[in-house]
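Structure below is work10.txt: compact mmCIF, C-alpha atoms and all ligand atoms.
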```txt
# COMPACT_ATOMS: atom_id res chain seq x y z
CA MET A 30 157.23 184.89 52.82
CA THR A 31 155.30 188.15 53.13
CA ASP A 32 151.54 188.12 53.40
CA SER A 33 151.01 190.19 50.24
CA ARG A 34 153.08 187.76 48.16
CA THR A 35 151.44 184.71 49.67
CA THR A 36 147.85 185.85 49.28
CA ASP A 37 148.28 185.80 45.50
CA MET A 38 149.20 182.15 45.53
CA LEU A 39 147.33 178.97 44.78
CA LYS A 40 147.10 176.40 47.54
CA ALA A 41 148.98 174.07 45.19
CA GLN A 42 151.97 176.46 45.18
CA LEU A 43 152.52 176.63 48.93
CA ASP A 44 155.79 175.36 50.36
CA THR A 45 155.27 172.21 52.43
CA PRO A 46 154.75 171.09 55.08
CA CYS A 47 152.24 173.78 56.00
CA LEU A 48 148.88 174.14 57.70
CA VAL A 49 145.90 175.24 55.65
CA LEU A 50 142.40 176.27 56.69
CA GLU A 51 139.45 175.88 54.34
CA ALA A 52 137.59 179.10 55.10
CA GLU A 53 134.19 177.75 54.15
CA LEU A 54 134.46 174.68 56.40
CA LEU A 55 135.79 176.83 59.22
CA ASP A 56 132.82 179.18 58.93
CA GLN A 57 130.45 176.19 58.90
CA ASN A 58 132.00 174.81 62.10
CA ILE A 59 131.84 178.18 63.85
CA ARG A 60 128.19 178.60 62.84
CA ALA A 61 127.18 175.02 63.71
CA MET A 62 128.54 175.25 67.26
CA ALA A 63 127.20 178.76 67.85
CA GLN A 64 123.72 177.66 66.73
CA TRP A 65 123.76 174.47 68.81
CA VAL A 66 124.83 176.26 71.97
CA ALA A 67 122.29 179.04 71.48
CA SER A 68 119.49 176.52 70.88
CA GLY A 69 120.33 174.89 74.23
CA ASN A 70 120.30 178.27 76.00
CA LYS A 71 123.98 177.92 76.81
CA ARG A 72 126.93 180.18 76.14
CA LEU A 73 130.11 179.35 74.25
CA ARG A 74 133.51 180.12 75.75
CA PRO A 75 135.68 178.26 73.21
CA HIS A 76 139.17 177.09 74.04
CA ALA A 77 141.97 178.97 72.28
CA LYS A 78 144.44 176.18 73.12
CA THR A 79 143.21 174.47 69.94
CA HIS A 80 144.08 177.22 67.48
CA LYS A 81 146.54 179.45 69.40
CA CYS A 82 145.53 182.32 67.14
CA SER A 83 144.08 185.65 68.23
CA VAL A 84 142.45 186.19 64.81
CA LEU A 85 140.44 182.99 65.28
CA ALA A 86 139.57 183.88 68.88
CA ARG A 87 138.18 187.17 67.64
CA ARG A 88 136.14 185.43 64.93
CA GLN A 89 134.64 183.13 67.54
CA MET A 90 133.70 186.17 69.63
CA GLU A 91 132.16 187.85 66.61
CA ALA A 92 130.05 184.71 66.11
CA GLY A 93 128.61 185.05 69.61
CA ALA A 94 131.09 183.52 72.06
CA VAL A 95 130.97 185.24 75.47
CA GLY A 96 134.72 184.94 75.92
CA VAL A 97 137.56 182.53 75.23
CA CYS A 98 139.59 180.14 77.35
CA ALA A 99 143.37 179.83 77.50
CA ALA A 100 145.23 176.83 78.87
CA LYS A 101 148.06 178.87 80.34
CA LEU A 102 148.55 182.43 81.51
CA SER A 103 151.08 183.08 78.71
CA GLU A 104 148.36 182.26 76.13
CA ALA A 105 146.00 184.65 77.91
CA GLU A 106 148.69 187.38 77.90
CA LYS A 107 149.07 187.05 74.11
CA LEU A 108 145.32 187.20 73.64
CA MET A 109 145.27 190.34 75.79
CA ASP A 110 148.04 191.85 73.63
CA ALA A 111 145.65 191.36 70.71
CA GLY A 112 142.89 193.21 72.58
CA LEU A 113 140.81 190.28 73.87
CA ARG A 114 139.42 190.55 77.38
CA GLY A 115 137.69 188.41 80.02
CA ILE A 116 139.84 185.36 79.31
CA LEU A 117 139.44 182.26 81.48
CA VAL A 118 142.73 180.47 82.25
CA THR A 119 141.64 176.84 82.63
CA SER A 120 144.72 175.37 84.36
CA PRO A 121 145.69 176.29 87.91
CA VAL A 122 148.46 178.91 87.59
CA ALA A 123 151.90 177.69 88.72
CA ALA A 124 153.23 179.19 91.95
CA GLY A 125 155.89 181.24 90.15
CA ARG A 126 153.29 182.83 87.85
CA ILE A 127 150.74 183.95 90.43
CA ASP A 128 152.12 187.49 90.62
CA ALA A 129 151.89 187.65 86.83
CA LEU A 130 148.20 186.68 87.03
CA ALA A 131 147.59 189.52 89.48
CA GLU A 132 149.52 191.85 87.15
CA ALA A 133 147.33 190.69 84.24
CA ALA A 134 144.26 191.66 86.29
CA LYS A 135 145.51 195.25 86.21
CA ARG A 136 145.28 195.18 82.41
CA ASP A 137 142.01 193.26 82.43
CA PRO A 138 139.92 193.09 85.60
CA GLY A 139 137.78 190.46 83.82
CA ILE A 140 140.54 187.83 83.61
CA MET A 141 139.62 184.62 85.48
CA GLY A 142 141.70 181.84 87.01
CA VAL A 143 140.87 178.43 88.46
CA VAL A 144 141.97 176.96 91.79
CA ASP A 145 141.76 173.49 93.27
CA CYS A 146 143.37 173.80 96.71
CA PRO A 147 143.52 176.23 99.67
CA GLU A 148 147.29 176.84 99.21
CA THR A 149 146.74 178.38 95.79
CA VAL A 150 143.80 180.41 97.09
CA ARG A 151 146.05 181.84 99.82
CA CYS A 152 148.78 182.69 97.27
CA LEU A 153 146.24 184.38 94.97
CA GLN A 154 144.84 186.42 97.85
CA GLU A 155 148.33 187.60 98.86
CA ALA A 156 149.33 188.41 95.27
CA ALA A 157 146.08 190.32 94.65
CA GLN A 158 146.65 192.34 97.84
CA ARG A 159 150.28 193.06 96.91
CA LYS A 160 149.21 194.33 93.48
CA SER A 161 146.07 196.08 94.75
CA VAL A 162 143.71 194.22 92.39
CA ARG A 163 140.71 191.94 92.76
CA LEU A 164 140.97 188.49 91.14
CA LYS A 165 138.06 186.53 89.71
CA VAL A 166 138.32 182.87 90.65
CA LEU A 167 136.52 179.64 89.66
CA VAL A 168 136.72 176.42 91.64
CA ASP A 169 138.08 173.59 89.50
CA VAL A 170 136.16 170.36 90.19
CA ASP A 171 137.68 166.99 89.26
CA PRO A 172 135.33 165.01 86.97
CA GLY A 173 137.04 161.77 88.04
CA MET A 174 140.11 162.20 85.86
CA GLY A 175 142.54 163.02 88.68
CA ARG A 176 144.43 165.67 86.65
CA THR A 177 143.39 168.84 88.44
CA GLY A 178 140.39 169.75 90.52
CA ALA A 179 138.89 169.29 93.95
CA THR A 180 136.25 166.74 94.91
CA VAL A 181 132.66 167.98 94.99
CA GLU A 182 132.77 168.36 98.80
CA GLY A 183 136.24 169.90 98.59
CA GLY A 184 134.98 172.30 95.92
CA ILE A 185 132.24 173.56 98.22
CA ASP A 186 134.77 174.02 101.05
CA LEU A 187 137.10 175.82 98.68
CA GLY A 188 134.29 178.11 97.56
CA ARG A 189 133.57 178.96 101.19
CA PHE A 190 137.26 179.72 101.75
CA ILE A 191 137.44 181.97 98.64
CA ARG A 192 134.38 183.90 99.82
CA GLY A 193 136.30 184.77 102.96
CA CYS A 194 139.22 186.24 100.97
CA SER A 195 138.93 190.00 100.68
CA ALA A 196 140.77 190.33 97.34
CA LEU A 197 139.11 187.39 95.55
CA ASP A 198 135.73 187.14 93.82
CA LEU A 199 134.22 183.67 93.53
CA VAL A 200 132.55 183.62 90.10
CA GLY A 201 131.79 179.96 89.51
CA LEU A 202 133.20 176.52 88.82
CA GLN A 203 134.85 174.54 86.07
CA CYS A 204 134.53 170.81 85.45
CA TYR A 205 136.18 169.56 82.23
CA ALA A 206 136.00 165.81 81.60
CA GLY A 207 138.96 165.46 79.24
CA HIS A 208 139.24 161.71 79.85
CA LEU A 209 135.78 161.13 78.33
CA GLN A 210 135.91 163.29 75.20
CA HIS A 211 137.27 160.58 72.88
CA LEU A 212 135.43 157.53 74.17
CA PRO A 213 134.41 155.73 70.94
CA SER A 214 130.88 154.86 72.11
CA TYR A 215 128.59 157.87 71.87
CA ALA A 216 126.13 156.44 74.42
CA GLU A 217 128.82 155.68 77.00
CA ARG A 218 130.50 159.04 76.45
CA CYS A 219 127.28 160.97 76.98
CA ALA A 220 126.23 158.93 80.01
CA ARG A 221 129.57 159.28 81.80
CA SER A 222 129.84 162.99 81.04
CA ARG A 223 126.31 163.57 82.31
CA GLN A 224 127.19 161.73 85.52
CA ALA A 225 130.35 163.82 86.08
CA LEU A 226 128.64 167.15 85.39
CA GLN A 227 125.56 166.28 87.46
CA ALA A 228 127.85 165.59 90.43
CA ALA A 229 129.66 168.93 89.93
CA ALA A 230 126.31 170.73 89.64
CA ARG A 231 125.94 170.40 93.41
CA VAL A 232 128.78 172.92 93.79
CA PHE A 233 126.93 175.26 91.43
CA ARG A 234 123.69 175.01 93.43
CA GLN A 235 125.58 175.73 96.64
CA PHE A 236 127.10 178.84 95.03
CA GLN A 237 123.60 179.93 94.03
CA GLU A 238 122.36 179.40 97.59
CA TRP A 239 125.16 181.64 98.82
CA GLY A 240 123.75 184.35 96.59
CA ILE A 241 126.61 184.53 94.09
CA ALA A 242 125.19 186.47 91.16
CA ASN A 243 124.95 184.45 87.92
CA PRO A 244 127.65 181.91 88.72
CA ILE A 245 129.52 180.37 85.79
CA PHE A 246 129.50 176.58 85.40
CA THR A 247 131.91 175.93 82.55
CA GLY A 248 133.04 172.64 81.04
CA SER A 249 132.44 170.31 78.11
CA GLY A 250 134.43 169.63 74.97
CA THR A 251 133.89 168.65 71.35
CA GLY A 252 133.20 165.00 72.27
CA THR A 253 130.34 165.73 74.66
CA TYR A 254 129.11 169.19 73.62
CA ASP A 255 125.65 168.00 72.57
CA ALA A 256 124.84 165.76 75.54
CA ASP A 257 126.23 168.27 78.04
CA CYS A 258 123.68 170.88 76.97
CA GLU A 259 121.10 168.72 78.78
CA ILE A 260 122.64 169.59 82.16
CA PRO A 261 120.45 172.50 83.35
CA GLU A 262 123.11 174.00 85.64
CA LEU A 263 125.86 174.12 82.99
CA THR A 264 126.16 177.68 81.70
CA ASP A 265 129.19 177.66 79.35
CA LEU A 266 130.77 175.19 76.94
CA GLN A 267 134.52 175.42 76.47
CA ALA A 268 134.89 173.18 73.39
CA GLY A 269 137.91 173.79 71.18
CA SER A 270 138.59 171.11 68.55
CA TYR A 271 135.19 171.48 66.84
CA LEU A 272 136.70 174.42 64.99
CA PHE A 273 139.21 172.28 63.04
CA MET A 274 138.43 168.62 63.77
CA ASP A 275 141.22 166.06 63.72
CA ALA A 276 141.60 162.34 63.02
CA GLU A 277 141.17 161.44 66.70
CA TYR A 278 137.79 163.14 66.81
CA ARG A 279 136.63 162.02 63.36
CA GLN A 280 136.97 158.39 64.41
CA ILE A 281 134.62 158.37 67.39
CA GLY A 282 130.91 157.61 67.31
CA SER A 283 128.33 160.39 67.26
CA ALA A 284 124.58 160.89 67.44
CA GLU A 285 124.42 160.45 63.66
CA ASP A 286 126.87 157.57 63.13
CA PRO A 287 128.22 154.94 65.59
CA LEU A 288 131.67 155.00 63.97
CA ARG A 289 132.25 158.57 62.76
CA PHE A 290 131.84 162.14 64.00
CA ARG A 291 130.79 164.27 61.04
CA ARG A 292 128.85 167.18 62.58
CA PHE A 293 131.96 169.35 62.28
CA ARG A 294 134.06 169.37 59.11
CA PRO A 295 137.83 168.94 58.69
CA ALA A 296 138.67 172.63 58.26
CA LEU A 297 142.35 172.21 59.15
CA THR A 298 144.68 170.07 57.05
CA LEU A 299 148.40 169.65 56.61
CA LEU A 300 149.90 169.75 53.16
CA ALA A 301 152.92 167.56 52.44
CA THR A 302 154.92 166.68 49.30
CA VAL A 303 156.22 163.31 48.11
CA ILE A 304 160.02 163.66 48.20
CA SER A 305 161.04 160.05 47.48
CA ALA A 306 159.25 157.32 45.53
CA ASN A 307 161.94 154.63 45.08
CA GLN A 308 160.21 151.86 47.01
CA PRO A 309 157.53 149.53 45.63
CA GLY A 310 155.03 149.70 48.51
CA HIS A 311 155.38 153.23 49.84
CA VAL A 312 156.49 156.79 49.18
CA THR A 313 158.08 159.28 51.58
CA VAL A 314 156.63 162.73 52.33
CA ASP A 315 158.24 165.77 53.97
CA ALA A 316 156.09 165.76 57.15
CA GLY A 317 157.14 163.75 60.19
CA LEU A 318 157.26 164.13 63.95
CA LYS A 319 158.35 167.79 63.85
CA THR A 320 155.22 168.84 62.02
CA LEU A 321 152.62 166.19 62.84
CA PHE A 322 152.09 165.39 66.50
CA PRO A 323 151.66 161.61 66.92
CA GLY A 324 148.27 161.13 68.55
CA ARG A 325 146.35 157.96 69.28
CA VAL A 326 145.38 157.44 65.64
CA PRO A 327 147.41 158.23 62.50
CA PRO A 328 146.60 161.22 60.30
CA GLU A 329 143.86 160.64 57.76
CA ILE A 330 144.75 161.05 54.08
CA LEU A 331 142.22 163.27 52.27
CA VAL A 332 144.24 163.69 49.04
CA PRO A 333 144.85 161.48 47.14
CA ASP A 334 141.40 160.16 47.96
CA HIS A 335 141.97 156.38 47.99
CA PRO A 336 141.20 153.94 50.83
CA GLY A 337 144.38 151.94 50.15
CA LEU A 338 146.72 154.73 51.34
CA SER A 339 147.77 155.24 54.94
CA TYR A 340 150.25 157.44 56.81
CA GLU A 341 152.94 156.16 59.19
CA TRP A 342 155.49 158.30 61.03
CA PHE A 343 158.94 157.79 59.48
CA GLY A 344 161.20 159.97 61.65
CA ASP A 345 161.49 163.63 62.58
CA GLU A 346 161.13 165.10 59.10
CA HIS A 347 159.52 162.22 57.21
CA GLY A 348 156.29 160.33 56.85
CA LYS A 349 155.59 157.08 55.02
CA ILE A 350 152.57 156.82 52.75
CA VAL A 351 151.94 153.10 52.61
CA CYS A 352 150.18 151.88 49.47
CA ALA A 353 148.10 148.71 49.89
CA ALA A 354 147.87 146.28 46.96
CA GLY A 355 146.01 147.99 44.13
CA ALA A 356 146.34 151.50 45.56
CA PRO A 357 147.94 154.08 43.26
CA LYS A 358 151.44 155.13 44.32
CA PRO A 359 151.54 158.95 44.64
CA ALA A 360 154.05 160.40 42.18
CA LEU A 361 157.28 162.12 43.16
CA GLY A 362 156.51 165.80 43.74
CA SER A 363 152.77 165.28 44.18
CA ARG A 364 150.84 166.71 47.14
CA VAL A 365 149.36 164.73 50.01
CA GLU A 366 146.74 166.41 52.21
CA LEU A 367 146.22 165.08 55.70
CA VAL A 368 143.75 165.56 58.53
CA VAL A 369 146.16 165.79 61.45
CA SER A 370 146.09 163.25 64.23
CA HIS A 371 145.66 165.69 67.15
CA CYS A 372 145.18 169.33 66.25
CA ASP A 373 146.37 171.23 69.36
CA PRO A 374 150.02 170.06 69.56
CA THR A 375 150.33 169.98 65.75
CA VAL A 376 149.29 173.64 65.53
CA ASN A 377 152.02 174.44 68.07
CA CYS A 378 154.61 173.31 65.46
CA PHE A 379 153.73 176.13 63.03
CA ASP A 380 153.88 179.93 62.80
CA ARG A 381 150.90 180.54 60.50
CA TYR A 382 147.75 179.27 58.84
CA TYR A 383 147.16 179.73 55.12
CA VAL A 384 143.48 180.48 54.64
CA ILE A 385 142.06 178.99 51.46
CA ARG A 386 138.99 179.77 49.37
CA GLN A 387 138.43 177.94 46.10
CA GLY A 388 141.99 176.74 45.94
CA ARG A 389 143.52 180.19 46.47
CA VAL A 390 145.29 181.64 49.50
CA VAL A 391 143.10 184.52 50.66
CA ASP A 392 144.74 185.27 54.00
CA VAL A 393 147.57 184.32 56.34
CA TRP A 394 146.86 184.24 60.08
CA PRO A 395 149.71 184.12 62.58
CA ILE A 396 149.67 181.40 65.23
CA ASP A 397 150.65 184.10 67.70
CA LEU A 398 150.15 181.95 70.82
CA ARG A 399 152.61 179.34 69.51
CA GLY A 400 155.02 178.17 72.18
CA CYS A 401 153.11 179.88 75.00
CA CYS A 402 153.10 177.02 77.48
CA TRP A 403 154.03 178.65 80.78
C1 LIG A 501 140.20 172.53 80.23
C2 LIG A 501 139.83 172.26 78.79
N1 LIG A 501 138.67 172.74 78.33
C3 LIG A 501 138.29 172.56 77.06
C4 LIG A 501 139.08 171.84 76.17
C5 LIG A 501 138.61 171.69 74.74
O1 LIG A 501 138.31 170.39 74.45
P1 LIG A 501 138.11 169.86 72.96
O2 LIG A 501 139.31 170.27 72.18
O3 LIG A 501 138.03 168.41 73.15
O4 LIG A 501 136.88 170.48 72.46
C6 LIG A 501 140.28 171.30 76.62
C7 LIG A 501 141.11 170.51 75.70
O5 LIG A 501 142.00 169.79 76.04
C8 LIG A 501 140.68 171.52 77.96
O6 LIG A 501 141.83 171.04 78.44
```
Would you mind writing the file out in structure tokens?
Ligand SMILES: Cc1ncc(COP(=O)(O)O)c(C=O)c1O
Amino acid sequence: MTDSRTTDMLKAQLDTPCLVLEAELLDQNIRAMAQWVASGNKRLRPHAKTHKCSVLARRQMEAGAVGVCAAKLSEAEKLMDAGLRGILVTSPVAAGRIDALAEAAKRDPGIMGVVDCPETVRCLQEAAQRKSVRLKVLVDVDPGMGRTGATVEGGIDLGRFIRGCSALDLVGLQCYAGHLQHLPSYAERCARSRQALQAAARVFRQFQEWGIANPIFTGSGTGTYDADCEIPELTDLQAGSYLFMDAEYRQIGSAEDPLRFRRFRPALTLLATVISANQPGHVTVDAGLKTLFPGRVPPEILVPDHPGLSYEWFGDEHGKIVCAAGAPKPALGSRVELVVSHCDPTVNCFDRYYVIRQGRVVDVWPIDLRGCCW
């Protein structure tokens, strides 16, 4: 489908399954986060792993973000192809890709990588020397998740080691508490995140004492963005999912509601069509495992709007819409609109977003970072 043909269409005419973005809700989410972060005197460095789309990264920058994050170097390379600069790669780069990171620094001296052990620091130093570039490096500090990152003491030692490397510039630290973002209790989530970031802040203060100019302390996600702004040392928030929201996030407690998280709106949905309605208690839609990543909670049905309907995965290409007693059975051919379970891996199943205003497709944005996972 070409863009010019598609942008004349109604949302109701789109082939399914497909991803749609409600432009107004998207704009509201972008504005709400930008305002919150600014009011806390922090900066936003949103994570592009959520949307995998350079158009959206640019819109976030236009709304005040100081830069964007990428999960992998290949995502950062695509963002650079689209003209974005100063990207922070938030995972330690695999050994086989370290030369490519140094090569990327030739295109963009502002690109930043994270490290959590001396071996990687040594490899980065050698690669930077081989390619005659300087590399900006952040120390990754483990918030207690055990995924990546050094201990607080180890992070200080690593910082000292980086400072001694002639081709590396120590620019700050990262501490992302991914294991806390979806804790249902708002109070527990905030308290544990505060504890993790306060511990990591010691590394930041040490970097300041060493005289590193304006060190970055980046972390935080959609689940803890508000509480984390209370950490004085934290400089940047790298939240991602706030842009779209998904069922996993909508079902945790928040400052406003112990059971729901409503500050950000469900801007991203998946459209599906009922393709079989022969059974008494359910119908079958055309969206299954290949288009809807199975997260911890099932997708939420927005349309038809009835509490008696629920989604269950029904194989690779199929989903089951279960109709409780008294719930209307969606008709064959009718549309079902779902808030996806977990947005990041679901987005990675698609090539484009259809952007909707007042029921009409107004734009098509490529998911140009799709499949970039190396
Ligand atoms: C390192 C890092 N930072 C930031 C984020 C964004 O978090 P969220 O989507 O919960 O806002 C993620 C998401 O997994 C991440 O891995």
Could you list the protein, DNA and RNA residues that have any atom within 9 Å of ligand LIG 501 (chain A), counting all atoms listed in the file, and write them as a PDB file with C-alpha atoms, in the coordinates of the input?
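result.pdb written:
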```pdb
ATOM      1  CA  PRO A  75     135.680 178.260  73.210  1.00  0.00           C
ATOM      2  CA  HIS A  76     139.170 177.090  74.040  1.00  0.00           C
ATOM      3  CA  ALA A  77     141.970 178.970  72.280  1.00  0.00           C
ATOM      4  CA  LYS A  78     144.440 176.180  73.120  1.00  0.00           C
ATOM      5  CA  THR A  79     143.210 174.470  69.940  1.00  0.00           C
ATOM      6  CA  CYS A  98     139.590 180.140  77.350  1.00  0.00           C
ATOM      7  CA  ALA A  99     143.370 179.830  77.500  1.00  0.00           C
ATOM      8  CA  ALA A 100     145.230 176.830  78.870  1.00  0.00           C
ATOM      9  CA  VAL A 118     142.730 180.470  82.250  1.00  0.00           C
ATOM     10  CA  THR A 119     141.640 176.840  82.630  1.00  0.00           C
ATOM     11  CA  SER A 120     144.720 175.370  84.360  1.00  0.00           C
ATOM     12  CA  GLN A 203     134.850 174.540  86.070  1.00  0.00           C
ATOM     13  CA  CYS A 204     134.530 170.810  85.450  1.00  0.00           C
ATOM     14  CA  TYR A 205     136.180 169.560  82.230  1.00  0.00           C
ATOM     15  CA  ALA A 206     136.000 165.810  81.600  1.00  0.00           C
ATOM     16  CA  GLY A 207     138.960 165.460  79.240  1.00  0.00           C
ATOM     17  CA  GLN A 210     135.910 163.290  75.200  1.00  0.00           C
ATOM     18  CA  HIS A 211     137.270 160.580  72.880  1.00  0.00           C
ATOM     19  CA  THR A 247     131.910 175.930  82.550  1.00  0.00           C
ATOM     20  CA  GLY A 248     133.040 172.640  81.040  1.00  0.00           C
ATOM     21  CA  SER A 249     132.440 170.310  78.110  1.00  0.00           C
ATOM     22  CA  GLY A 250     134.430 169.630  74.970  1.00  0.00           C
ATOM     23  CA  THR A 251     133.890 168.650  71.350  1.00  0.00           C
ATOM     24  CA  GLY A 252     133.200 165.000  72.270  1.00  0.00           C
ATOM     25  CA  THR A 253     130.340 165.730  74.660  1.00  0.00           C
ATOM     26  CA  TYR A 254     129.110 169.190  73.620  1.00  0.00           C
ATOM     27  CA  LEU A 266     130.770 175.190  76.940  1.00  0.00           C
ATOM     28  CA  GLN A 267     134.520 175.420  76.470  1.00  0.00           C
ATOM     29  CA  ALA A 268     134.890 173.180  73.390  1.00  0.00           C
ATOM     30  CA  GLY A 269     137.910 173.790  71.180  1.00  0.00           C
ATOM     31  CA  SER A 270     138.590 171.110  68.550  1.00  0.00           C
ATOM     32  CA  TYR A 271     135.190 171.480  66.840  1.00  0.00           C
ATOM     33  CA  LEU A 272     136.700 174.420  64.990  1.00  0.00           C
ATOM     34  CA  MET A 274     138.430 168.620  63.770  1.00  0.00           C
ATOM     35  CA  TYR A 278     137.790 163.140  66.810  1.00  0.00           C
ATOM     36  CA  CYS A 372     145.180 169.330  66.250  1.00  0.00           C
ATOM     37  CA  ASP A 373     146.370 171.230  69.360  1.00  0.00           C
TER      38      ASP A 373
END
```
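Of the residues listed (A:Thr298, A:Thr45, A:Ser339, A:Ser68), A:Thr45 shows the shortest atom-to-atom separation from A:Arg364; distances use all atoms listed in the file.
One finds atom CA of A:Ala111 at 24.5 Å from atom CA of A:Gln57.
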Exercise for review: Write out as number ranges by chain the residues lying within 12 Å of A:Pro374, counting only C-alpha atoms and excluding same-chain residues fewer than 5 positions away.
Suggested key: A: 78-81, 270, 275, 318-324, 369, 379, 398-402
Check your understanding: How far is it from atom CA of A:Arg72 to atom CA of A:Val95, in Å with one decimal?
Key -> 6.5 Å
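Between atom CA of A:Gly188 and atom CA of A:Asp128 lies a distance of 21.3 Å.
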Revision key, fill the gap. Using all atoms listed in the file, the best pick from A:Leu288, A:Ile385, A:Ala354, A:Ile304 as closest to A:Pro46 would be A:Ile304
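Among the candidates A:Ala133, A:Trp239, A:Glu91, A:Gly337, the residue lying nearest to A:Gly355 is A:Gly337 (atoms considered: all atoms listed in the file).
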Review point. Neighbours of A:Phe233 within 12 Å (all atoms listed in the file; same-chain residues fewer than 2 positions away dropped), as a PyMOL selection string?
Key: chain A and resi 167-170+181-182+184-185+188+199-204+226-231+235-247+260-264
